[in-house]
Amino acid sequence: MKTQSLTLLGLLATTTLAHKESSPAVYKRHADLSKRCANSAANFNKKRWEKRSEEASLLKARTANTTYSITTEAPYYEVLQNDTCVLAPDVTAGPYYWPRSQTLRQDMTEDQIGVPLTLDVGVLDMATCEPLPNALVSFWHCNSTGSYSSFTGRDPNTDFRELLESLNVTDFEIGTTDLHTDDTTWLRGMWPTDSEGVLEMKTIFPGFYIQRSIHIHAQVFTDWVLHSNGTIVTGNTNSIGQLYFNESVSETLMALEPYVSHTEINRTTNDVDSVYSEGFSNGYNPVIDIVAADGVDIANGVIGYITIGIDTTNSPGLSGSTSSGGGSAPDASNTTAPAA
């Protein structure tokens, strides 16, 4: 995928946190949407895979006459995730949600070390079953030893309830209660989908922290504007969720440095994670398909594929509760950021 040279730093301010319960009508709408785009989703995924395979073949051809050889053919996936049910359910944004640190860029690694991960994310409009261009997708996750940027003063090995007790916080609310300790931005980034409904984000494979399996947070906006002064204004969130990895992949990569040095706690696996099962509503699969970037060894870097289907009328709260927006007034978010 061609990387664009947009280097403005964008900061999202906190969205309004009205708690909204999912009604039976919303549940039915989401169940119906999950069934209707199977063929479109399968074709969407096939085109993305073929495009990346073609690019890999061209790279291999260009290096054929050099004194060294590289392997670029990744294993072929006949079916990528979410060919049949692609409406992503909404789950909690988590306690380390801090949109003021989200940065508009396609590589959010900064100085963090770990196995390189390139996310190939496709966004599908469930109303039309077509790829959705210009959808802003925001990602954030912990580093190789479990810490989140902007919260580096918080111990990732301490139970969050114990943390709140130590701070005498009794009314914690995601996105409102301010627990951040610094202004670091690593492993936080956002980028819009291109004309084909796809975006690429470079990062590292996440580590883990207490009581959670390995995951990446993702938030999708279709109502957003980037102003010339670097200000981003967003309307309603259309989707907020978490993405996961197959346990065999996680086990292999956690045996490598720097992940293996995180010995203070045991890693929580998907099967006992408290949030993991919520991601499978209506048949959606939140587990990212992983292939080795060099076609040989995932320890050298990985490419992750996922298709996220969204309901553009959706307006979930940060706790994961959902309502159908239906043209309601947006939750305004905006802040200024310098051009880089």
# chains A, B, ... in the order shown; residues from 1 in each chain; ligands from 1

call {"tool": "select_by_dssp", "arguments": {"residues": "region 23-264 of chain A", "states": "strand (DSSP E)", "output": "PyMOL selection string"}}
result
chain A and resi 116-125+130-131+136-140+188-192+198-204+215-221+224-226+232-234+237-245

call {"tool": "residues_around", "arguments": {"residues": "Thr128 (chain A)", "least_positions_apart": "5", "cutoff": "12 Å", "atoms": "only C-alpha atoms", "output": "list in words"}}
result
Leu33, Arg36, Cys37, Ala38, Ser40, Ala41, Val123, Gly309, Ile310, Asp311 and Thr312 of chain A

call {"tool": "write_last_selection", "arguments": {"atoms": "N, CA, C and O atoms", "output": "mmCIF file, in the first residue's frame"}}
result
data_model
loop_
_atom_site.group_PDB
_atom_site.id
_atom_site.type_symbol
_atom_site.label_atom_id
_atom_site.label_comp_id
_atom_site.auth_asym_id
_atom_site.auth_seq_id
_atom_site.Cartn_x
_atom_site.Cartn_y
_atom_site.Cartn_z
ATOM 1 N N LEU A 33 -27.944 -6.776 9.988
ATOM 2 C CA LEU A 33 -26.822 -6.257 9.214
ATOM 3 C C LEU A 33 -25.707 -7.285 9.090
ATOM 4 O O LEU A 33 -25.016 -7.351 8.070
ATOM 5 N N ARG A 36 -26.069 -9.777 5.867
ATOM 6 C CA ARG A 36 -26.425 -9.368 4.513
ATOM 7 C C ARG A 36 -25.252 -9.085 3.581
ATOM 8 O O ARG A 36 -25.441 -8.906 2.384
ATOM 9 N N CYS A 37 -24.017 -9.035 4.094
ATOM 10 C CA CYS A 37 -22.896 -8.587 3.265
ATOM 11 C C CYS A 37 -21.832 -9.657 3.038
ATOM 12 O O CYS A 37 -20.673 -9.339 2.768
ATOM 13 N N ALA A 38 -22.207 -10.934 3.140
ATOM 14 C CA ALA A 38 -21.214 -12.007 3.079
ATOM 15 C C ALA A 38 -20.417 -11.993 1.777
ATOM 16 O O ALA A 38 -19.186 -12.031 1.786
ATOM 17 N N SER A 40 -20.014 -9.603 -0.457
ATOM 18 C CA SER A 40 -19.229 -8.380 -0.592
ATOM 19 C C SER A 40 -17.988 -8.429 0.279
ATOM 20 O O SER A 40 -16.896 -8.019 -0.133
ATOM 21 N N ALA A 41 -18.132 -8.947 1.498
ATOM 22 C CA ALA A 41 -16.993 -9.037 2.396
ATOM 23 C C ALA A 41 -15.939 -9.994 1.859
ATOM 24 O O ALA A 41 -14.737 -9.712 1.906
ATOM 25 N N VAL A 123 -12.468 -1.417 6.097
ATOM 26 C CA VAL A 123 -13.704 -0.987 6.755
ATOM 27 C C VAL A 123 -14.847 -1.094 5.754
ATOM 28 O O VAL A 123 -14.774 -0.559 4.638
ATOM 29 N N GLY A 309 -16.712 -4.266 9.947
ATOM 30 C CA GLY A 309 -17.968 -3.773 9.400
ATOM 31 C C GLY A 309 -18.607 -2.816 10.379
ATOM 32 O O GLY A 309 -18.682 -3.109 11.577
ATOM 33 N N ILE A 310 -19.053 -1.656 9.913
ATOM 34 C CA ILE A 310 -19.654 -0.688 10.833
ATOM 35 C C ILE A 310 -21.041 -0.256 10.355
ATOM 36 O O ILE A 310 -21.336 -0.249 9.170
ATOM 37 N N ASP A 311 -21.854 0.087 11.330
ATOM 38 C CA ASP A 311 -23.170 0.688 11.090
ATOM 39 C C ASP A 311 -22.967 2.197 11.220
ATOM 40 O O ASP A 311 -22.687 2.697 12.305
ATOM 41 N N THR A 312 -23.074 2.919 10.127
ATOM 42 C CA THR A 312 -22.752 4.352 10.150
ATOM 43 C C THR A 312 -23.757 5.170 10.956
ATOM 44 O O THR A 312 -23.512 6.349 11.217
#

call {"tool": "closest_residue", "arguments": {"among": "A:Ala135, A:Asn238, A:Gln112, A:Thr176", "to": "Thr313 (chain A)", "atoms": "only C-alpha atoms"}}
result
A:Asn238

call {"tool": "residues_around", "arguments": {"residues": "Ile306 (chain A)", "least_positions_apart": "4", "cutoff": "8 Å", "atoms": "only C-alpha atoms", "output": "PyMOL selection string"}}
result
chain A and resi 80-82+119-122+286-289

call {"tool": "write_last_selection", "arguments": {"atoms": "C-alpha atoms", "output": "PDB file, in the first residue's frame"}}
result
ATOM      1  CA  LEU A  80      -9.714 -14.082   5.637  1.00  0.00           C
ATOM      2  CA  GLN A  81     -11.654 -13.372   8.806  1.00  0.00           C
ATOM      3  CA  ASN A  82     -15.194 -11.997   8.651  1.00  0.00           C
ATOM      4  CA  LEU A 119      -2.101  -3.795  10.255  1.00  0.00           C
ATOM      5  CA  ASP A 120      -4.074  -4.123   7.012  1.00  0.00           C
ATOM      6  CA  VAL A 121      -7.530  -2.920   8.032  1.00  0.00           C
ATOM      7  CA  GLY A 122     -10.538  -2.850   5.752  1.00  0.00           C
ATOM      8  CA  PRO A 286     -12.195  -9.984  16.325  1.00  0.00           C
ATOM      9  CA  VAL A 287      -9.087 -12.181  15.930  1.00  0.00           C
ATOM     10  CA  ILE A 288      -6.607 -10.718  13.451  1.00  0.00           C
ATOM     11  CA  ASP A 289      -5.310 -13.008  10.687  1.00  0.00           C
TER      12      ASP A 289
END

call {"tool": "select_by_dssp", "arguments": {"residues": "region 35-216 of chain A", "states": "alpha helix (DSSP H)", "output": "PyMOL selection string"}}
result
chain A and resi 38-62+160-166

call {"tool": "closest_residue", "arguments": {"among": "A:Asn266, A:Thr203, A:Asn168, A:Thr92", "to": "Gln219 (chain A)", "atoms": "only C-alpha atoms"}}
result
A:Thr92

call {"tool": "closest_residue", "arguments": {"among": "A:Ser34, A:Asn43, A:Ser277, A:Asn300", "to": "Ser213 (chain A)", "atoms": "only C-alpha atoms"}}
result
A:Ser277

call {"tool": "closest_residue", "arguments": {"among": "A:Glu257, A:Asp32, A:Glu200, A:Asp223", "to": "Ile303 (chain A)", "atoms": "only C-alpha atoms"}}
result
A:Glu200
